[in-house]
Amino acid sequence: MARRRKPCRDWSTGLPPELLGLVLHHLPCLIDRVYFACVCRAWRSAAKDEAPPRQLPWLVMPSPGKTSFFAQQTGCTHHLRLPEGIRGARLCGSHDGGWVAAAGEAWGGYAAVNIISGVQVPLPNRISFFHPFTVRGNGCRCKHPMLLRTVTFSAAPTSANCIAAAHIASVCNIAFCRPGMDEHWLTLSQELRAIEDIIYCRSLPQQGFYALRDTEDLVVYAAANAVAISNKSTPLVMSFVHHRFEKRVDYSLNRPGSSVSRYLVESRGKLLMVLREYSMRAMKRCTRVFRIFEMAEALPHGQAKASWVELHELQGRALFLGRGSSRAVEVSQFSGLQEGVIYYLDDACFDISLVVGSGGKFSSSDMGLYSMAMNKRLTRGEAGRFPRRFASECSPPLWLPI
């Protein structure tokens with residue numbers, strides 16, 4: 001009679017904690033640590049005991065089939081399982097902690113969704129604005145459909161003090177709401193000045209939503225009564241301050257055949273404006289150069305003109321550019337990150353025809369890396385494994401801060 005063989009002990013359960021900690025040290029990406037924790041109880045316990053390192057923004061590449069994301073810290077692309085209800089939706093904004101703004105339809109189906117927990121917070125589908133002319137001659141508030149370009153949040157959408165700012169295509173260009181509370185977006189006026197970018201600034205003396213115009217002036221929006229933000233029975237009231245800037249000497253001196261797109265970035269308690277100069281070649285955008293400017297001073301009441309001062313280096317920083325979600329990070333806090341590099345997406349323009357139409361593709365052929373130190377776009381070999389092209393039928397790529 002054959003002897004019964006003793007069951008082999010699983011090798012993974014016998015590894016010492018010191019060795020598991022060493023393995024975790026070489027797994028900077030959060031998703032790799034999730035896979036690590038799924039091996040067994042011992043590995044899951046080790047993953048809980050060691051806090052994950054800071055995460056660089058994920059590059060999310062939406063698709064009706066399999067959405068994926070690129071992790072810059074490892075140079076790898078992973079499959080991303082989106083929560084039910086936003087698969088195939090257009091992603092038009094993001095916020096820290098895995099939050100995205102999603103548009104299920106061209107003119108509606110808006111919501112803030114956490115792709116990690118699956119929590120969803122509804123956003124209004126219509127705007128409420130004041131119309132000064134009526135049949136009786138008295139003004140009134142009207143409701144109107146709207147199309148979201150980008151959405152920026154002041155805090156996590158589940159927070160009681162969260163306000164969302166939307167860059168929209170409608171009778172006006174900017175609107176505000178309290179996620180999960182308001183039935184309509186609020187607009188302040190019907191002004192149609194072109195808005196380049198909107199971000200929420202926390203570290204500046206004047207907190208609020210900073211909107212950059214094509215004239216390079218700033219409009220700062222803030223809640224008129226911060227105490228009433230979380231009170232659903234109290235209407236949302238927003239105030240604004242207009243900061244006028246001195247015109248740069250070369251403000252209108254663009255190269256022949258080129259255009260400029262502008263972004264806002266908050267960094268080290270300062271506000272940066274990034275200019276992206278690009279041209280069109282065979283119906284495709286081609287980025288030529290980036291220039292960076294810093295706001296000279298934060299003016300409290302907008303009574304005097306401010307100015308933009310050009311910076312020729314990032315001084316220990318790297319930038320991730322995206323509409324409403326740009327980030328500046330300190331390279332000393334991340335291994336393998338190059339100083340002065342700008343990671344950019346192909347979002348210089350907003351193509352409404354792709355949003356309202358069907359069957360169109362968001363073609364992202366102008367995304368990559370730019371080095372401020374070398375004053376040039378990095379080639380495929382110099383940029384490593386960073387994606388250079390992307391096409392989707394539902395949404396352009398976006399940065400997702402984790």
# chains A, B, ... in the order shown; residues from 1 in each chain; ligands from 1

call {"tool": "closest_atom_pairs", "arguments": {"of": "range 25-113 of chain A", "to": "range 345-366 of chain A", "cutoff": "12 Å", "atoms": "only C-alpha atoms", "output": "Markdown table"}}
result
| residue | atom | partner | partner_atom | distance |
| --- | --- | --- | --- | --- |
| A:Leu59 | CA | A:Leu345 | CA | 9.2 |
| A:Val60 | CA | A:Leu345 | CA | 10.8 |
| A:Met61 | CA | A:Ser364 | CA | 10.2 |
| A:Pro62 | CA | A:Phe362 | CA | 10.3 |
| A:Ser63 | CA | A:Phe362 | CA | 10.5 |
| A:Pro64 | CA | A:Lys361 | CA | 11.5 |
| A:Ala89 | CA | A:Val355 | CA | 10.7 |
| A:Arg90 | CA | A:Val355 | CA | 8.3 |
| A:Leu91 | CA | A:Val355 | CA | 11.2 |
| A:Cys92 | CA | A:Phe350 | CA | 10.9 |
| A:Ala103 | CA | A:Val355 | CA | 9.9 |
| A:Gly104 | CA | A:Val355 | CA | 10.9 |
| A:Glu105 | CA | A:Val356 | CA | 8.6 |
| A:Ala106 | CA | A:Val356 | CA | 5.3 |
| A:Trp107 | CA | A:Val356 | CA | 7.8 |
| A:Gly108 | CA | A:Val356 | CA | 11.0 |

call {"tool": "closest_atom_pairs", "arguments": {"of": "range 79-177 of chain A", "to": "range 223-247 of chain A", "cutoff": "10 Å", "atoms": "only C-alpha atoms", "output": "JSON lines"}}
result
{"residue": "A:Ser159", "atom": "CA", "partner": "A:Ser230", "partner_atom": "CA", "distance": 8.7}
{"residue": "A:Ala160", "atom": "CA", "partner": "A:Ser230", "partner_atom": "CA", "distance": 5.0}
{"residue": "A:Asn161", "atom": "CA", "partner": "A:Ser230", "partner_atom": "CA", "distance": 5.5}
{"residue": "A:Cys162", "atom": "CA", "partner": "A:Ile229", "partner_atom": "CA", "distance": 7.8}
{"residue": "A:Ile163", "atom": "CA", "partner": "A:Ile229", "partner_atom": "CA", "distance": 8.0}
{"residue": "A:Ala175", "atom": "CA", "partner": "A:Met238", "partner_atom": "CA", "distance": 9.9}
{"residue": "A:Phe176", "atom": "CA", "partner": "A:Met238", "partner_atom": "CA", "distance": 8.2}
{"residue": "A:Cys177", "atom": "CA", "partner": "A:Leu236", "partner_atom": "CA", "distance": 7.3}

call {"tool": "atom_distance", "arguments": {"atom1": "CA of Tyr200 in chain A", "atom2": "CA of Met181 in chain A"}}
result
19.8 Å

call {"tool": "atom_distance", "arguments": {"atom1": "CA of Val113 in chain A", "atom2": "CA of His184 in chain A"}}
result
18.5 Å

call {"tool": "closest_residue", "arguments": {"among": "A:Gly336, A:Phe36, A:Gly269, A:Ser94", "to": "Val23 in chain A", "atoms": "only C-alpha atoms"}}
result
A:Phe36
